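Single-structure report; data block below.
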Amino acid sequence: MYKKLKEAAQYIKSVTDVLPRVGLVLGSGLGAFVERIQNPIVIPYGKIPHFKECTVEGHEGRLILGTIAGVPCVVLQGRLHVYEGHPMEDIVFPTRVMATLGIEILILTNAAGGINQIFRPGDLVLMEDHINLMGHNPLVGPNISELGPRFPDMTEAYGKDLRNIFQKASLSLGREIKKGIYASLLGPTYETPAEIRMLRIIGADMVGMSTLPEAIAANHLGLKVCGISCITNMAAGIEQKTLCHDDVKEMAAKVIEHFSNLLCEGIALIKEQKI
């Protein structure tokens with residue numbers, strides 16, 4: 001694994017001299033954010049050693065390096081999911097490559113179903129914590145000591161300092177951002193109304209099928225992590241509507257301007273406050 005990480009990072013470094021400080025992972029329907037990257041260098045996943053191609057619509061499968069608000073960044077336009085049949089090692093490989101490139105901060109984004117009924121479709125929500133119901137963990141197996149400790153602490157998986165920065169960024173844009181706990185299930189089926197009632201009881205505010213593997217791997221690596229969910233629909237049984245991926249993408253497209261403004265403003269504050 002460690003050798004594969006070095007090979008992937010060396011290839012990327014051969015294409016560009018950008019030394020990223022911040023990494024971003026763009027969730028379903030949120031890939032249009034890449035238009036905000038200045039001086040972008042675009043590398044399809046298929047060209048990077050040991051990267052896997054994305055198969056889910058709305059995940060373009062490109063790694064892009066450039067600057068955002070004057071900060072050197074690396075952006076994953078699309079991610080892999082466990083429900084596609086990939087092993088966890090492949091799911092978190094791009095996260096580990098970004099760390100190998102030198103990032104200190106990882107911003108994870110996703111499209112999520114709203115469980116907390118104060119949420120509405122189109123809301124952006126800061127992840128305060130998560131509940132792992134995927135039935136797996138990317139750190140299972142022999143520990144790679146070069147990456148991190150055998151038993152990483154997850155007490156503050158999503159950094160309070162970064163949450164405060166994005167809360168301030170949202171207020172500066174004239175909106176108050178909500179906060180919540182994200183539950184991740186395996187998928188690819190959407191949850192049943194009974195499962196949503198269970199998730200509400202155990203404390204989940206929103207639900208999805210991603211993000212947790214990268215968040216766990218990033219904490220293992222010692223990165224500072226921020227998570228932002230886009231509520232693209234209310235979860236099953238709340239509004240008596242059927243759920244479909246096209247609706248998720250449509251809602252994500254409606255909020256992409258505010259989502260992009262929030263990321264740019266937050267990254268500018270990261271630079272200003274030297275987080």
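Numbering starts fresh at 1 for the residues of each chain in the structure tokens, the chains themselves are lettered A, B, ... in the order given, and ligands are numbered from 1 as they appear.
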Spatial neighbours of Phe93 in chain A, 8 Å, only C-alpha atoms, chain gap at least 3 places, as a list in words | Leu5, Phe51, Glu89, Asp90, Arg96 and Val97 of chain A
Which residues, written as a list in words, have at least one atom at most 6 Å from range 221-226 of chain A, with only C-alpha atoms counted and residues fewer than 2 positions away on the same chain left out?
->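 Counting only C-alpha atoms, the residues come to Glu104, Ile105, Leu106, Ile107, Leu147, Gly148, Tyr158, Gly159, Ala218 and Asn219 of chain A.
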If you run DSSP on the backbone, which residues of range 22-263 of chain A are helix (DSSP H, G or I), as a short mmCIF file (atom, residue, chain, number, x, y, z; two decimals) with N, CA and C atoms, in the first residue's frame?
```cif
data_model
loop_
_atom_site.label_atom_id
_atom_site.label_comp_id
_atom_site.auth_asym_id
_atom_site.auth_seq_id
_atom_site.Cartn_x
_atom_site.Cartn_y
_atom_site.Cartn_z
N GLY A 31 -20.03 18.52 -8.35
CA GLY A 31 -18.77 18.61 -9.09
C GLY A 31 -18.55 19.93 -9.81
N ALA A 32 -19.63 20.70 -10.04
CA ALA A 32 -19.48 21.96 -10.77
C ALA A 32 -18.65 22.98 -9.98
N PHE A 33 -18.40 22.71 -8.72
CA PHE A 33 -17.54 23.61 -7.95
C PHE A 33 -16.18 23.80 -8.60
N VAL A 34 -15.73 22.82 -9.36
CA VAL A 34 -14.38 22.89 -9.93
C VAL A 34 -14.21 24.11 -10.84
N GLU A 35 -15.30 24.72 -11.28
CA GLU A 35 -15.20 25.93 -12.10
C GLU A 35 -14.59 27.09 -11.32
N ARG A 36 -14.56 26.98 -9.99
CA ARG A 36 -13.98 28.04 -9.16
C ARG A 36 -12.47 27.87 -8.95
N TYR A 45 -8.89 10.17 -13.25
CA TYR A 45 -8.48 9.10 -12.34
C TYR A 45 -7.78 7.95 -13.07
N GLY A 46 -8.26 7.66 -14.28
CA GLY A 46 -7.71 6.53 -15.02
C GLY A 46 -6.24 6.66 -15.37
N LYS A 47 -5.71 7.88 -15.31
CA LYS A 47 -4.29 8.09 -15.63
C LYS A 47 -3.39 8.00 -14.40
N VAL A 82 -18.61 2.23 -1.36
CA VAL A 82 -18.53 0.82 -1.01
C VAL A 82 -19.57 0.01 -1.78
N TYR A 83 -20.76 0.60 -2.02
CA TYR A 83 -21.82 -0.14 -2.71
C TYR A 83 -21.48 -0.46 -4.17
N GLU A 84 -20.47 0.20 -4.71
CA GLU A 84 -20.03 -0.13 -6.07
C GLU A 84 -19.25 -1.45 -6.11
N MET A 88 -12.56 -1.32 0.83
CA MET A 88 -12.31 -0.07 1.55
C MET A 88 -10.95 0.52 1.20
N GLU A 89 -9.97 -0.33 0.96
CA GLU A 89 -8.63 0.16 0.62
C GLU A 89 -8.67 1.06 -0.60
N ASP A 90 -9.50 0.71 -1.58
CA ASP A 90 -9.62 1.54 -2.78
C ASP A 90 -10.43 2.81 -2.52
N ILE A 91 -11.44 2.70 -1.65
CA ILE A 91 -12.28 3.86 -1.34
C ILE A 91 -11.44 5.00 -0.77
N PHE A 93 -8.08 5.25 -0.86
CA PHE A 93 -6.77 5.45 -1.52
C PHE A 93 -6.57 6.91 -1.96
N PRO A 94 -7.57 7.54 -2.62
CA PRO A 94 -7.36 8.94 -3.02
C PRO A 94 -7.13 9.87 -1.83
N THR A 95 -7.81 9.63 -0.71
CA THR A 95 -7.58 10.45 0.48
C THR A 95 -6.14 10.32 0.95
N ARG A 96 -5.65 9.09 0.96
CA ARG A 96 -4.28 8.86 1.40
C ARG A 96 -3.27 9.46 0.42
N VAL A 97 -3.61 9.47 -0.86
CA VAL A 97 -2.72 10.10 -1.84
C VAL A 97 -2.66 11.61 -1.61
N MET A 98 -3.80 12.23 -1.35
CA MET A 98 -3.80 13.67 -1.07
C MET A 98 -2.93 13.98 0.15
N ALA A 99 -3.00 13.13 1.17
CA ALA A 99 -2.15 13.33 2.34
C ALA A 99 -0.68 13.18 1.96
N THR A 100 -0.38 12.23 1.09
CA THR A 100 0.99 12.02 0.63
C THR A 100 1.49 13.23 -0.15
N LEU A 101 0.57 13.92 -0.83
CA LEU A 101 0.93 15.14 -1.55
C LEU A 101 1.20 16.32 -0.61
N LYS A 160 -13.53 21.38 15.40
CA LYS A 160 -14.33 22.51 15.84
C LYS A 160 -13.85 23.82 15.22
N ASP A 161 -12.53 23.99 15.10
CA ASP A 161 -11.99 25.21 14.49
C ASP A 161 -12.49 25.38 13.06
N LEU A 162 -12.51 24.29 12.31
CA LEU A 162 -12.98 24.36 10.93
C LEU A 162 -14.48 24.61 10.87
N ARG A 163 -15.23 23.99 11.78
CA ARG A 163 -16.68 24.26 11.82
C ARG A 163 -16.94 25.73 12.09
N ASN A 164 -16.17 26.31 13.00
CA ASN A 164 -16.35 27.73 13.31
C ASN A 164 -16.03 28.60 12.10
N ILE A 165 -15.01 28.22 11.36
CA ILE A 165 -14.63 28.99 10.18
C ILE A 165 -15.75 28.97 9.15
N PHE A 166 -16.33 27.79 8.90
CA PHE A 166 -17.38 27.72 7.88
C PHE A 166 -18.70 28.31 8.37
N GLN A 167 -18.90 28.31 9.66
CA GLN A 167 -20.06 29.01 10.21
C GLN A 167 -19.90 30.52 9.97
N LYS A 168 -18.71 31.03 10.23
CA LYS A 168 -18.43 32.45 9.99
C LYS A 168 -18.54 32.77 8.50
N ALA A 169 -18.04 31.87 7.66
CA ALA A 169 -18.10 32.09 6.21
C ALA A 169 -19.55 32.16 5.74
N SER A 170 -20.40 31.28 6.28
CA SER A 170 -21.81 31.28 5.88
C SER A 170 -22.50 32.56 6.31
N LEU A 171 -22.22 33.02 7.52
CA LEU A 171 -22.82 34.26 8.01
C LEU A 171 -22.40 35.45 7.16
N SER A 172 -21.14 35.42 6.71
CA SER A 172 -20.66 36.52 5.86
C SER A 172 -21.36 36.54 4.51
N PRO A 193 -38.58 3.85 5.48
CA PRO A 193 -39.11 4.73 6.54
C PRO A 193 -38.82 4.20 7.94
N ALA A 194 -38.86 2.87 8.12
CA ALA A 194 -38.56 2.29 9.44
C ALA A 194 -37.11 2.55 9.82
N GLU A 195 -36.20 2.44 8.85
CA GLU A 195 -34.79 2.71 9.12
C GLU A 195 -34.57 4.18 9.47
N ILE A 196 -35.31 5.05 8.82
CA ILE A 196 -35.19 6.48 9.13
C ILE A 196 -35.69 6.76 10.54
N ARG A 197 -36.77 6.11 10.95
CA ARG A 197 -37.25 6.30 12.33
C ARG A 197 -36.20 5.81 13.32
N MET A 198 -35.53 4.70 13.01
CA MET A 198 -34.46 4.19 13.87
C MET A 198 -33.30 5.18 13.95
N LEU A 199 -32.92 5.72 12.79
CA LEU A 199 -31.80 6.66 12.75
C LEU A 199 -32.10 7.92 13.55
N ARG A 200 -33.34 8.38 13.49
CA ARG A 200 -33.72 9.55 14.29
C ARG A 200 -33.58 9.26 15.78
N ILE A 201 -34.00 8.06 16.19
CA ILE A 201 -33.93 7.68 17.60
C ILE A 201 -32.49 7.64 18.11
N LEU A 212 -17.82 8.68 5.41
CA LEU A 212 -17.20 8.14 6.62
C LEU A 212 -15.88 7.43 6.36
N PRO A 213 -15.74 6.63 5.30
CA PRO A 213 -14.43 6.01 5.07
C PRO A 213 -13.31 7.04 4.95
N GLU A 214 -13.57 8.11 4.16
CA GLU A 214 -12.54 9.14 4.00
C GLU A 214 -12.27 9.88 5.31
N ALA A 215 -13.34 10.14 6.08
CA ALA A 215 -13.16 10.84 7.35
C ALA A 215 -12.33 10.02 8.32
N ILE A 216 -12.58 8.72 8.38
CA ILE A 216 -11.81 7.85 9.28
C ILE A 216 -10.35 7.78 8.83
N ALA A 217 -10.14 7.58 7.52
CA ALA A 217 -8.77 7.51 7.01
C ALA A 217 -8.03 8.83 7.24
N ALA A 218 -8.73 9.95 7.08
CA ALA A 218 -8.09 11.26 7.27
C ALA A 218 -7.71 11.48 8.72
N ASN A 219 -8.55 11.07 9.66
CA ASN A 219 -8.21 11.19 11.07
C ASN A 219 -7.03 10.29 11.42
N HIS A 220 -6.99 9.11 10.83
CA HIS A 220 -5.85 8.20 11.02
C HIS A 220 -4.55 8.86 10.55
N HIS A 245 -32.22 9.32 -7.77
CA HIS A 245 -30.93 9.99 -7.89
C HIS A 245 -31.03 11.27 -8.72
N ASP A 246 -31.94 11.28 -9.71
CA ASP A 246 -32.09 12.48 -10.54
C ASP A 246 -32.52 13.68 -9.70
N ASP A 247 -33.40 13.43 -8.73
CA ASP A 247 -33.84 14.52 -7.85
C ASP A 247 -32.69 15.04 -7.00
N VAL A 248 -31.83 14.12 -6.56
CA VAL A 248 -30.65 14.50 -5.77
C VAL A 248 -29.77 15.44 -6.59
N LYS A 249 -29.49 15.06 -7.83
CA LYS A 249 -28.64 15.88 -8.69
C LYS A 249 -29.29 17.23 -8.99
N GLU A 250 -30.61 17.22 -9.19
CA GLU A 250 -31.32 18.46 -9.51
C GLU A 250 -31.23 19.46 -8.36
N MET A 251 -31.43 18.98 -7.13
CA MET A 251 -31.35 19.89 -5.98
C MET A 251 -29.92 20.38 -5.77
N ALA A 252 -28.95 19.48 -5.95
CA ALA A 252 -27.55 19.89 -5.82
C ALA A 252 -27.21 21.00 -6.81
N ALA A 253 -27.76 20.90 -8.02
CA ALA A 253 -27.50 21.92 -9.03
C ALA A 253 -28.10 23.27 -8.62
N LYS A 254 -29.22 23.24 -7.91
CA LYS A 254 -29.87 24.47 -7.49
C LYS A 254 -29.06 25.22 -6.43
N VAL A 255 -28.31 24.49 -5.63
CA VAL A 255 -27.57 25.14 -4.53
C VAL A 255 -26.08 25.29 -4.82
N ILE A 256 -25.66 24.91 -6.03
CA ILE A 256 -24.22 24.86 -6.30
C ILE A 256 -23.56 26.24 -6.18
N GLU A 257 -24.28 27.30 -6.49
CA GLU A 257 -23.66 28.64 -6.39
C GLU A 257 -23.37 28.98 -4.93
N HIS A 258 -24.36 28.78 -4.06
CA HIS A 258 -24.12 29.07 -2.64
C HIS A 258 -23.08 28.12 -2.06
N PHE A 259 -23.16 26.84 -2.44
CA PHE A 259 -22.17 25.85 -2.00
C PHE A 259 -20.77 26.28 -2.39
N SER A 260 -20.61 26.72 -3.63
CA SER A 260 -19.29 27.15 -4.13
C SER A 260 -18.82 28.40 -3.41
N ASN A 261 -19.75 29.35 -3.20
CA ASN A 261 -19.38 30.57 -2.47
C ASN A 261 -18.92 30.23 -1.05
N LEU A 262 -19.62 29.30 -0.41
CA LEU A 262 -19.27 28.92 0.96
C LEU A 262 -17.88 28.30 1.01
N LEU A 263 -17.58 27.40 0.09
CA LEU A 263 -16.26 26.77 0.09
C LEU A 263 -15.16 27.81 -0.15
#
```
Strand (DSSP E or B) per DSSP on the backbone: members of range 95-223 of chain A, as number ranges by chain = A: 105-114, 124-133, 178-185, 206-208
Selection: 8 Å around Glu60 in chain A, only C-alpha atoms, excl. self and same-chain fewer than 3 positions, as a list in words |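 Within the cut-off, the hits are Gly31, Cys54, Glu57, Gln77 and Gly78 of chain A.
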Pick out the residues sitting within 6 Å of range 126-139 of chain A, and hand them over as a PyMOL selection string; count only C-alpha atoms, and ignore anything fewer than 3 positions along from it in its own chain.
-> chain A and resi 88+179-186+213+227-228
File dump, residues just selected, N, CA, C and O atoms, as a compact mmCIF listing (two decimals), in the first residue's frame:
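Just written: selection.txt:
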```txt
# COMPACT_ATOMS: atom_id res chain seq x y z
N MET A 88 -12.56 -1.32 0.83
CA MET A 88 -12.31 -0.07 1.55
C MET A 88 -10.95 0.52 1.20
O MET A 88 -10.78 1.74 1.17
N LYS A 179 -26.15 22.63 11.71
CA LYS A 179 -25.20 21.60 12.12
C LYS A 179 -25.95 20.31 12.39
O LYS A 179 -27.13 20.34 12.74
N GLY A 180 -25.26 19.18 12.24
CA GLY A 180 -25.93 17.92 12.48
C GLY A 180 -25.00 16.73 12.48
O GLY A 180 -23.81 16.84 12.20
N ILE A 181 -25.58 15.59 12.80
CA ILE A 181 -24.85 14.32 12.85
C ILE A 181 -25.25 13.49 11.63
O ILE A 181 -26.44 13.30 11.35
N TYR A 182 -24.24 13.00 10.93
CA TYR A 182 -24.42 12.27 9.67
C TYR A 182 -24.31 10.78 9.92
O TYR A 182 -23.33 10.32 10.52
N ALA A 183 -25.29 10.03 9.48
CA ALA A 183 -25.23 8.57 9.53
C ALA A 183 -24.97 8.05 8.13
O ALA A 183 -25.58 8.51 7.16
N SER A 184 -24.07 7.08 8.02
CA SER A 184 -23.75 6.50 6.73
C SER A 184 -24.13 5.02 6.71
O SER A 184 -23.71 4.26 7.59
N LEU A 185 -24.94 4.63 5.72
CA LEU A 185 -25.33 3.25 5.50
C LEU A 185 -24.69 2.75 4.21
O LEU A 185 -24.21 3.54 3.40
N LEU A 186 -24.71 1.46 4.02
CA LEU A 186 -24.01 0.86 2.88
C LEU A 186 -24.62 1.26 1.55
O LEU A 186 -23.92 1.58 0.60
N PRO A 213 -15.74 6.63 5.30
CA PRO A 213 -14.43 6.01 5.07
C PRO A 213 -13.31 7.04 4.95
O PRO A 213 -12.25 6.90 5.56
N GLY A 227 -16.63 18.45 7.42
CA GLY A 227 -17.64 17.78 6.61
C GLY A 227 -18.83 18.70 6.37
O GLY A 227 -19.34 19.34 7.29
N ILE A 228 -19.28 18.77 5.12
CA ILE A 228 -20.43 19.59 4.75
C ILE A 228 -21.41 18.74 3.94
O ILE A 228 -21.05 18.19 2.90
```
Surrounding residues of Ala112 in chain A excluding itself and chain neighbours under 6 positions, 10 Å, only C-alpha atoms, as a list in words |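 These residues fall inside the cut-off: Gly27, Ser28, Pro121, Leu124, Val125, Tyr182, Ala183, Ser184, Asp205, Met206, Val207, Gly208, Met209, Ser210, Ile228, Ser229, Cys230, Ile231, Thr232, Asn233, Met234, Ala235 and Val248 of chain A.
Minimum atom-to-atom distance to Gln10 in chain A, evaluated using only C-alpha atoms, belongs to A:Ile48 out of A:Ile48, A:Asp123, A:Gly29, A:Lys241.
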